[in-house]
file final01.csv (CSV, C-alpha atoms and all ligand atoms)
chain,number,residue,atom,x,y,z
A,1,MET,CA,49.0,181.5,102.7
A,2,LEU,CA,48.7,177.6,102.6
A,3,ARG,CA,50.9,175.9,105.2
A,4,ILE,CA,52.3,172.5,104.4
A,5,ALA,CA,54.5,170.1,106.4
A,6,VAL,CA,57.3,168.3,104.5
A,7,PRO,CA,59.7,165.7,105.9
A,8,ASN,CA,63.0,167.4,106.7
A,9,LYS,CA,65.1,164.2,106.4
A,10,GLY,CA,64.9,160.4,106.2
A,11,ALA,CA,63.3,158.0,103.7
A,12,LEU,CA,60.5,160.4,102.6
A,13,SER,CA,62.3,163.6,102.4
A,14,ALA,CA,63.9,163.8,99.0
A,15,ALA,CA,60.9,162.3,97.1
A,16,SER,CA,58.5,164.7,98.9
A,17,SER,CA,60.4,167.8,97.8
A,18,GLN,CA,60.8,166.4,94.3
A,19,LEU,CA,57.0,165.8,94.1
A,20,LEU,CA,56.2,169.4,95.2
A,21,GLY,CA,58.9,170.7,92.8
A,22,ASP,CA,57.3,168.8,89.9
A,23,ALA,CA,54.0,170.3,90.9
A,24,GLY,CA,55.4,173.7,90.3
A,25,TYR,CA,56.3,174.8,93.8
A,26,HIS,CA,59.6,176.5,94.8
A,27,VAL,CA,60.5,174.2,97.7
A,28,LYS,CA,64.3,174.5,97.6
A,29,ARG,CA,66.1,175.0,100.9
A,30,ASP,CA,69.3,177.1,100.7
A,31,GLY,CA,70.7,175.6,103.9
A,32,ALA,CA,69.2,174.5,107.1
A,33,GLU,CA,66.1,176.7,107.1
A,34,LEU,CA,63.1,175.0,108.6
A,35,VAL,CA,60.5,177.2,106.9
A,36,VAL,CA,60.5,178.3,103.3
A,37,ALA,CA,57.9,180.6,101.7
A,38,ASP,CA,56.9,180.3,98.0
A,39,VAL,CA,55.3,183.7,97.7
A,40,GLU,CA,54.4,183.3,94.1
A,41,ASN,CA,52.3,180.2,94.8
A,42,ASP,CA,51.1,181.6,98.2
A,43,ILE,CA,52.4,178.6,100.1
A,44,GLU,CA,54.7,178.0,103.0
A,45,PHE,CA,56.7,174.8,103.6
A,46,PHE,CA,57.6,173.7,107.1
A,47,PHE,CA,60.3,171.1,107.2
A,48,LEU,CA,59.6,168.7,110.1
A,49,ARG,CA,60.2,165.2,111.3
A,50,PRO,CA,57.9,162.8,109.5
A,51,ARG,CA,56.7,161.4,112.8
A,52,ASP,CA,55.7,164.8,114.1
A,53,ILE,CA,53.9,166.0,110.9
A,54,ALA,CA,50.6,164.3,111.8
A,55,VAL,CA,50.6,166.1,115.2
A,56,TYR,CA,50.8,169.5,113.6
A,57,VAL,CA,48.2,168.7,110.9
A,58,GLY,CA,45.8,167.0,113.3
A,59,ALA,CA,46.0,170.0,115.7
A,60,GLY,CA,45.0,172.2,112.7
A,61,ARG,CA,48.3,174.2,113.0
A,62,LEU,CA,49.3,173.3,109.5
A,63,ASP,CA,46.8,172.8,106.6
A,64,VAL,CA,48.4,169.8,104.9
A,65,GLY,CA,51.3,167.4,105.5
A,66,ILE,CA,53.3,164.6,103.9
A,67,THR,CA,54.1,161.7,106.1
A,68,GLY,CA,54.0,157.8,106.1
A,69,ARG,CA,50.6,156.0,106.5
A,70,ASP,CA,52.2,153.9,109.2
A,71,LEU,CA,53.3,157.0,111.1
A,72,LEU,CA,49.8,158.6,110.8
A,73,LEU,CA,48.1,155.4,112.1
A,74,ASP,CA,50.6,155.0,114.9
A,75,SER,CA,50.0,158.5,116.1
A,76,GLY,CA,46.3,158.0,116.5
A,77,VAL,CA,45.9,161.7,115.6
A,78,PRO,CA,42.7,162.9,114.0
A,79,ALA,CA,44.1,163.5,110.5
A,80,ARG,CA,42.9,161.8,107.3
A,81,GLU,CA,44.6,160.6,104.1
A,82,LEU,CA,44.0,162.8,101.1
A,83,VAL,CA,46.0,161.0,98.5
A,84,ALA,CA,48.7,158.2,98.4
A,85,LEU,CA,51.8,159.5,96.8
A,86,GLY,CA,53.4,156.4,95.3
A,87,PHE,CA,56.8,156.5,97.1
A,88,GLY,CA,58.1,155.5,100.5
A,89,HIS,CA,56.6,152.0,100.2
A,90,SER,CA,57.2,149.7,103.2
A,91,THR,CA,55.5,147.0,105.2
A,92,PHE,CA,55.2,146.8,109.0
A,93,ARG,CA,56.0,143.4,110.3
A,94,TYR,CA,56.9,141.2,113.2
A,95,ALA,CA,60.2,139.5,113.4
A,96,ALA,CA,61.9,137.2,115.9
A,97,PRO,CA,65.2,135.2,116.1
A,98,LYS,CA,65.4,132.5,113.5
A,99,GLY,CA,63.4,129.4,114.4
A,100,ALA,CA,62.0,130.9,117.6
A,101,ILE,CA,58.5,131.8,116.7
A,102,ALA,CA,56.3,130.2,114.1
A,103,ASP,CA,53.1,132.2,114.3
A,104,VAL,CA,51.9,135.7,115.5
A,105,ALA,CA,49.8,134.0,118.2
A,106,GLU,CA,53.0,132.8,119.8
A,107,LEU,CA,54.0,136.4,120.5
A,108,ASP,CA,51.3,136.6,123.2
A,109,GLY,CA,52.7,138.0,126.4
A,110,LEU,CA,56.2,138.5,124.9
A,111,ARG,CA,58.2,141.7,124.9
A,112,ILE,CA,57.9,143.4,121.5
A,113,ALA,CA,60.4,146.2,120.7
A,114,THR,CA,59.1,148.8,118.3
A,115,SER,CA,59.1,152.5,117.3
A,116,PHE,CA,55.4,152.2,116.5
A,117,PRO,CA,53.7,151.3,119.9
A,118,GLY,CA,50.3,152.5,118.7
A,119,LEU,CA,50.3,150.1,115.7
A,120,VAL,CA,51.5,147.2,117.8
A,121,ARG,CA,48.9,147.7,120.6
A,122,ALA,CA,46.1,148.1,118.1
A,123,ASP,CA,47.1,145.0,116.2
A,124,PHE,CA,47.6,142.9,119.4
A,125,ALA,CA,44.2,144.0,120.7
A,126,ALA,CA,42.6,143.1,117.4
A,127,ARG,CA,44.0,139.6,117.6
A,128,GLY,CA,43.0,139.3,121.3
A,129,LEU,CA,46.7,139.0,122.4
A,130,THR,CA,48.6,140.9,125.1
A,131,ALA,CA,51.9,142.6,124.4
A,132,GLN,CA,54.6,144.1,126.5
A,133,VAL,CA,55.5,146.9,124.2
A,134,VAL,CA,59.1,148.1,124.5
A,135,THR,CA,59.2,151.5,122.8
A,136,LEU,CA,62.5,152.5,121.2
A,137,ASP,CA,63.5,155.3,119.0
A,138,GLY,CA,65.0,153.3,116.2
A,139,ALA,CA,67.4,150.4,115.3
A,140,VAL,CA,64.9,148.2,117.1
A,141,GLU,CA,66.3,145.0,115.4
A,142,THR,CA,69.2,145.1,117.9
A,143,ALA,CA,66.9,145.0,120.9
A,144,VAL,CA,66.5,141.2,120.8
A,145,ARG,CA,70.3,140.6,120.8
A,146,LEU,CA,70.7,143.0,123.7
A,147,GLY,CA,68.0,141.2,125.7
A,148,VAL,CA,65.4,144.0,126.1
A,149,ALA,CA,62.8,142.3,123.8
A,150,ASP,CA,61.9,138.8,122.6
A,151,ALA,CA,60.7,140.0,119.1
A,152,VAL,CA,60.4,143.2,117.2
A,153,ALA,CA,57.8,145.0,115.1
A,154,ASP,CA,59.3,147.3,112.5
A,155,VAL,CA,59.3,148.8,109.1
A,156,VAL,CA,60.6,146.4,106.5
A,157,GLU,CA,61.5,147.4,103.0
A,158,THR,CA,64.1,145.0,101.6
A,159,GLY,CA,64.4,142.9,104.8
A,160,ARG,CA,68.2,143.4,104.8
A,161,THR,CA,68.3,145.0,108.3
A,162,LEU,CA,66.3,142.1,109.8
A,163,ARG,CA,68.4,139.4,108.3
A,164,ALA,CA,71.6,141.2,109.3
A,165,ALA,CA,70.3,141.1,112.9
A,166,GLY,CA,69.7,137.3,112.7
A,167,LEU,CA,65.9,137.8,112.7
A,168,GLU,CA,63.2,136.3,110.5
A,169,LEU,CA,59.7,137.5,109.6
A,170,VAL,CA,56.7,136.2,111.6
A,171,GLY,CA,53.3,136.2,110.0
A,172,GLU,CA,51.9,138.4,107.3
A,173,PRO,CA,52.4,142.2,107.1
A,174,VAL,CA,50.5,144.1,109.8
A,175,MET,CA,50.1,146.9,107.3
A,176,ARG,CA,51.4,148.3,104.0
A,177,SER,CA,52.6,151.9,104.0
A,178,GLU,CA,53.6,154.6,101.6
A,179,ALA,CA,53.9,158.3,101.7
A,180,ILE,CA,50.6,160.1,102.0
A,181,MET,CA,49.2,163.6,102.0
A,182,ILE,CA,47.1,164.3,105.0
A,183,THR,CA,44.8,167.0,106.4
A,184,LYS,CA,42.9,167.5,109.6
A,185,GLN,CA,39.9,165.2,110.1
A,186,GLY,CA,36.5,166.7,109.5
A,187,ALA,CA,37.9,170.0,108.1
A,188,GLU,CA,36.5,171.0,104.7
A,189,LEU,CA,39.2,171.5,102.0
A,190,GLY,CA,39.7,175.1,101.1
A,191,SER,CA,40.3,176.3,97.5
A,192,ALA,CA,44.1,176.5,98.1
A,193,GLN,CA,44.2,172.9,99.4
A,194,GLU,CA,42.1,171.7,96.5
A,195,ARG,CA,44.5,173.4,94.1
A,196,LEU,CA,47.5,171.8,95.8
A,197,LEU,CA,45.8,168.4,95.6
A,198,ARG,CA,44.9,168.8,91.9
A,199,ARG,CA,48.5,169.8,91.1
A,200,VAL,CA,49.9,166.8,93.0
A,201,GLN,CA,47.4,164.4,91.5
A,202,GLY,CA,48.4,165.8,88.1
A,203,VAL,CA,52.0,164.9,88.7
A,204,LEU,CA,51.1,161.4,90.0
A,205,VAL,CA,49.1,160.7,86.9
A,206,ALA,CA,51.8,162.1,84.6
A,207,ARG,CA,54.3,159.7,86.3
A,208,ARG,CA,52.1,156.6,85.9
A,209,TYR,CA,50.6,157.1,82.5
A,210,VAL,CA,51.9,157.7,78.9
A,211,ILE,CA,50.0,158.8,75.8
A,212,MET,CA,49.6,156.2,73.1
A,213,ASP,CA,48.7,157.1,69.5
A,214,TYR,CA,48.0,154.6,66.8
A,215,ASP,CA,46.2,154.0,63.6
A,216,ALA,CA,43.6,151.2,63.4
A,217,PRO,CA,41.3,149.7,60.8
A,218,THR,CA,37.7,150.8,61.6
A,219,ASP,CA,36.5,147.2,61.8
A,220,VAL,CA,38.7,146.5,64.8
A,221,LEU,CA,38.2,149.9,66.5
A,222,GLU,CA,35.8,148.5,69.1
A,223,LYS,CA,38.3,145.9,70.2
A,224,ALA,CA,41.2,148.4,70.1
A,225,CYS,CA,39.2,150.7,72.5
A,226,GLU,CA,38.8,147.8,74.9
A,227,ILE,CA,42.6,147.4,74.9
A,228,THR,CA,43.1,151.2,75.4
A,229,PRO,CA,40.0,152.5,77.2
A,230,GLY,CA,42.0,155.6,78.2
A,231,PHE,CA,41.4,157.6,81.4
A,232,GLU,CA,37.9,158.7,80.4
A,233,SER,CA,37.5,157.6,76.8
A,234,PRO,CA,39.9,157.4,73.8
A,235,THR,CA,40.0,160.1,71.2
A,236,ILE,CA,39.1,158.9,67.7
A,237,SER,CA,40.1,161.1,64.7
A,238,PRO,CA,39.5,160.5,61.0
A,239,LEU,CA,42.4,159.5,58.7
A,240,ALA,CA,42.8,160.4,55.0
A,241,ARG,CA,43.2,156.6,54.4
A,242,GLU,CA,39.8,155.1,53.9
A,243,GLY,CA,38.7,152.5,56.5
A,244,TRP,CA,41.2,153.6,59.1
A,245,VAL,CA,41.1,155.9,62.1
A,246,ALA,CA,43.6,157.4,64.5
A,247,VAL,CA,43.3,156.7,68.2
A,248,ARG,CA,44.8,158.5,71.2
A,249,ALA,CA,44.5,157.3,74.7
A,250,MET,CA,46.3,157.3,78.1
A,251,VAL,CA,47.9,154.0,79.0
A,252,LEU,CA,49.5,152.8,82.2
A,253,LYS,CA,53.3,153.0,81.8
A,254,ASP,CA,53.7,149.5,83.3
A,255,ASP,CA,51.4,148.1,80.6
A,256,VAL,CA,52.9,149.8,77.6
A,257,ASN,CA,54.7,146.9,75.9
A,258,ARG,CA,51.9,144.4,76.4
A,259,THR,CA,49.4,147.0,75.1
A,260,MET,CA,51.5,147.6,72.0
A,261,ASP,CA,51.8,143.8,71.4
A,262,ASP,CA,48.0,143.4,71.7
A,263,LEU,CA,47.3,146.4,69.4
A,264,TRP,CA,49.8,145.2,66.8
A,265,ASP,CA,48.2,141.7,66.8
A,266,LEU,CA,44.8,143.3,66.2
A,267,GLY,CA,46.1,145.1,63.1
A,268,ALA,CA,46.9,148.5,64.5
A,269,ARG,CA,50.0,150.3,63.1
A,270,GLY,CA,52.1,153.4,63.6
A,271,ILE,CA,51.9,153.0,67.4
A,272,LEU,CA,53.6,155.9,69.2
A,273,VAL,CA,54.2,156.4,72.9
A,274,SER,CA,54.9,159.8,74.4
A,275,ALA,CA,55.5,160.9,78.0
A,276,ILE,CA,53.1,163.2,79.7
A,277,GLN,CA,54.9,166.3,80.9
A,278,ALA,CA,52.1,167.5,83.2
A,279,CYS,CA,48.3,167.1,83.3
A,280,ARG,CA,45.2,168.2,85.2
A,281,LEU,CA,42.3,165.7,84.9
A,301,LIG,N1,63.7,151.7,103.8
A,301,LIG,C1,63.0,152.4,104.7
A,301,LIG,N2,63.4,152.7,105.9
A,301,LIG,C2,62.7,153.4,106.8
A,301,LIG,N3,61.5,154.0,106.5
A,301,LIG,C3,61.0,153.8,105.3
A,301,LIG,C4,61.7,153.0,104.3
A,301,LIG,N4,60.9,153.0,103.3
A,301,LIG,C5,59.9,153.7,103.5
A,301,LIG,N5,59.9,154.2,104.8
A,301,LIG,C6,58.9,155.0,105.5
A,301,LIG,O1,59.4,156.2,105.9
A,301,LIG,C7,58.8,156.6,107.1
A,301,LIG,C8,59.8,156.8,108.2
A,301,LIG,O2,60.7,157.7,107.8
A,301,LIG,P1,62.1,157.8,108.5
A,301,LIG,O3,62.8,156.5,108.6
A,301,LIG,O4,62.8,158.8,107.7
A,301,LIG,O5,61.8,158.4,109.9
A,301,LIG,P2,62.4,158.1,111.2
A,301,LIG,O6,62.6,156.7,111.4
A,301,LIG,O7,61.7,158.9,112.2
A,301,LIG,O8,63.8,158.9,111.0
A,301,LIG,P3,65.3,158.4,111.0
A,301,LIG,O9,65.2,157.0,110.4
A,301,LIG,O10,66.0,159.3,110.1
A,301,LIG,O11,65.6,158.4,112.4
A,301,LIG,C9,57.8,155.6,107.5
A,301,LIG,O12,56.5,156.0,106.9
A,301,LIG,C10,58.3,154.4,106.7
A,301,LIG,O13,57.3,153.4,106.4
A,302,LIG,O1,64.1,146.3,105.2
A,302,LIG,P1,65.2,147.3,105.0
A,302,LIG,O2,65.4,147.7,103.6
A,302,LIG,O3,66.5,146.8,105.7
A,302,LIG,O4,64.7,148.7,105.7
A,302,LIG,C1,64.1,148.7,107.0
A,302,LIG,C2,65.0,149.4,108.0
A,302,LIG,O5,65.0,150.8,107.6
A,302,LIG,C3,64.5,151.6,108.7
A,302,LIG,O6,65.5,152.0,109.5
A,302,LIG,P2,66.1,153.5,109.4
A,302,LIG,O7,67.2,153.5,108.5
A,302,LIG,O8,65.0,154.5,109.2
A,302,LIG,O9,66.6,153.7,110.9
A,302,LIG,P3,65.8,153.7,112.2
A,302,LIG,O10,65.4,152.2,112.5
A,302,LIG,O11,66.7,154.2,113.2
A,302,LIG,O12,64.6,154.6,112.0
A,302,LIG,C4,63.6,150.6,109.5
A,302,LIG,O13,63.4,151.0,110.8
A,302,LIG,C5,64.3,149.3,109.3
A,302,LIG,O14,65.3,149.2,110.3
A,303,MG,MG,63.7,155.4,110.3

call {"tool": "encode", "arguments": {"input": "final01.csv", "output": "structure tokens"}}
result
Amino acid sequence: MLRIAVPNKGALSAASSQLLGDAGYHVKRDGAELVVADVENDIEFFFLRPRDIAVYVGAGRLDVGITGRDLLLDSGVPARELVALGFGHSTFRYAAPKGAIADVAELDGLRIATSFPGLVRADFAARGLTAQVVTLDGAVETAVRLGVADAVADVVETGRTLRAAGLELVGEPVMRSEAIMITKQGAELGSAQERLLRRVQGVLVARRYVIMDYDAPTDVLEKACEITPGFESPTISPLAREGWVAVRAMVLKDDVNRTMDDLWDLGARGILVSAIQACRL
């Protein structure tokens, strides 16, 4: 039975369960169970803290896990990213009291409060700076006001928490994170892991793409196919109307309206867009 670690609460939890549900797994918890078996799909879900998930997967105790890229890198555990999951986006950034610090180099030797000591030490080392890392469990933005740190390094999504604490960003993001699926480094993927990965990738593609159908005059077909190159190649079918063909291609959801405008200007007509319920590519 494949064993997978899923965040039990926090920013990644609901979307992780939703993704696995969309991929056809029965991942519903009735109450507070920490382990749920989906016998039909031969898979077992372990609900764990996102920060701990890399530890179990890196140790080879669980086959696959969902966690944040920042948490994986911070842990330094020998696990690798299989696929980025498209949710739980955040940046990891330095911040200090308004007007106090203009540049990351000025953080040299200062006390930095963080829940990600591994990330901060690695980044300071890469910049040739020294940090006095103050490791806290959470709510690190308050550490400056309470006098245990001079600056913080933390997850920033909207920036609201930082601003509310009277802090401002220092420098560019140290890293960009999102939810990822991980497995133990160096381990070959078994057939059950590959099937899970294919299912999840199918959901991710179905979320990002739509199907676009349209009719186009044959003489603009080449240009039309440049506008809608599809995932592999567009499907061209004959039409009863002479000099016209029907085209079907996958298009990025974000580009749908611009693509329809471009096709219309080219002379295409009868442009239809439909959602992809599921796919395996
Ligand atoms: N707005 C956000 N706040 C916190 N984490 C976020 C946010 N958006 C995305 N994330 C990601 O979620 C992961 C952290 O999850 P979470 O905050 O649930 O864990 P935690 O801090 O250990 O738990 P908790 O906050 O419940 O104590 C990180 O990978 C982080 O980048
Ligand atoms: O930029 P924002 O949209 O304000 O979000 C970022 C905040 O959210 C997270 O806190 P969380 O709620 O996970 O609490 P924690 O700090 O105790 O982990 C993170 O640690 C920041 O404090
Ligand atoms: Mg948190």

call {"tool": "residues_near_ligand", "arguments": {"input": "final01.csv", "ligand": "ligand LIG 301 (chain A)", "cutoff": "8 Å", "atoms": "all atoms listed in the file", "output": "PyMOL selection string"}}
result
chain A and resi 7+9-13+49-51+67-71+87-92+137-138+155-158+177-179

call {"tool": "write_last_selection", "arguments": {"input": "final01.csv", "atoms": "C-alpha atoms", "output": "tab-separated table (two decimals), in the coordinates of the input"}}
result
chain	number	residue	atom	x	y	z
A	7	PRO	CA	59.70	165.70	105.90
A	9	LYS	CA	65.10	164.20	106.40
A	10	GLY	CA	64.90	160.40	106.20
A	11	ALA	CA	63.30	158.00	103.70
A	12	LEU	CA	60.50	160.40	102.60
A	13	SER	CA	62.30	163.60	102.40
A	49	ARG	CA	60.20	165.20	111.30
A	50	PRO	CA	57.90	162.80	109.50
A	51	ARG	CA	56.70	161.40	112.80
A	67	THR	CA	54.10	161.70	106.10
A	68	GLY	CA	54.00	157.80	106.10
A	69	ARG	CA	50.60	156.00	106.50
A	70	ASP	CA	52.20	153.90	109.20
A	71	LEU	CA	53.30	157.00	111.10
A	87	PHE	CA	56.80	156.50	97.10
A	88	GLY	CA	58.10	155.50	100.50
A	89	HIS	CA	56.60	152.00	100.20
A	90	SER	CA	57.20	149.70	103.20
A	91	THR	CA	55.50	147.00	105.20
A	92	PHE	CA	55.20	146.80	109.00
A	137	ASP	CA	63.50	155.30	119.00
A	138	GLY	CA	65.00	153.30	116.20
A	155	VAL	CA	59.30	148.80	109.10
A	156	VAL	CA	60.60	146.40	106.50
A	157	GLU	CA	61.50	147.40	103.00
A	158	THR	CA	64.10	145.00	101.60
A	177	SER	CA	52.60	151.90	104.00
A	178	GLU	CA	53.60	154.60	101.60
A	179	ALA	CA	53.90	158.30	101.70

call {"tool": "atom_distance", "arguments": {"input": "final01.csv", "atom1": "atom CA of Arg61 of chain A", "atom2": "atom CA of Ala5 of chain A"}}
result
9.9 Å

call {"tool": "atom_distance", "arguments": {"input": "final01.csv", "atom1": "atom CA of Cys225 of chain A", "atom2": "atom CA of Met260 of chain A"}}
result
12.7 Å

call {"tool": "closest_residue", "arguments": {"input": "final01.csv", "among": "A:Ile53, A:Val35, A:Leu20, A:Ala59", "to": "Gly186 of chain A", "atoms": "all atoms listed in the file"}}
result
A:Ala59

call {"tool": "residues_around", "arguments": {"input": "final01.csv", "residues": "Arg145 of chain A", "least_positions_apart": "6", "cutoff": "9 Å", "atoms": "all atoms listed in the file", "output": "list of chain:residue names"}}
result
A:Pro97, A:Ala165, A:Gly166

call {"tool": "closest_residue", "arguments": {"input": "final01.csv", "among": "A:Val220, A:Asp42, A:Leu85, A:Ala126", "to": "Gln18 of chain A", "atoms": "all atoms listed in the file"}}
result
A:Leu85

call {"tool": "atom_distance", "arguments": {"input": "final01.csv", "atom1": "atom CA of Glu106 of chain A", "atom2": "atom CA of Leu129 of chain A"}}
result
9.2 Å
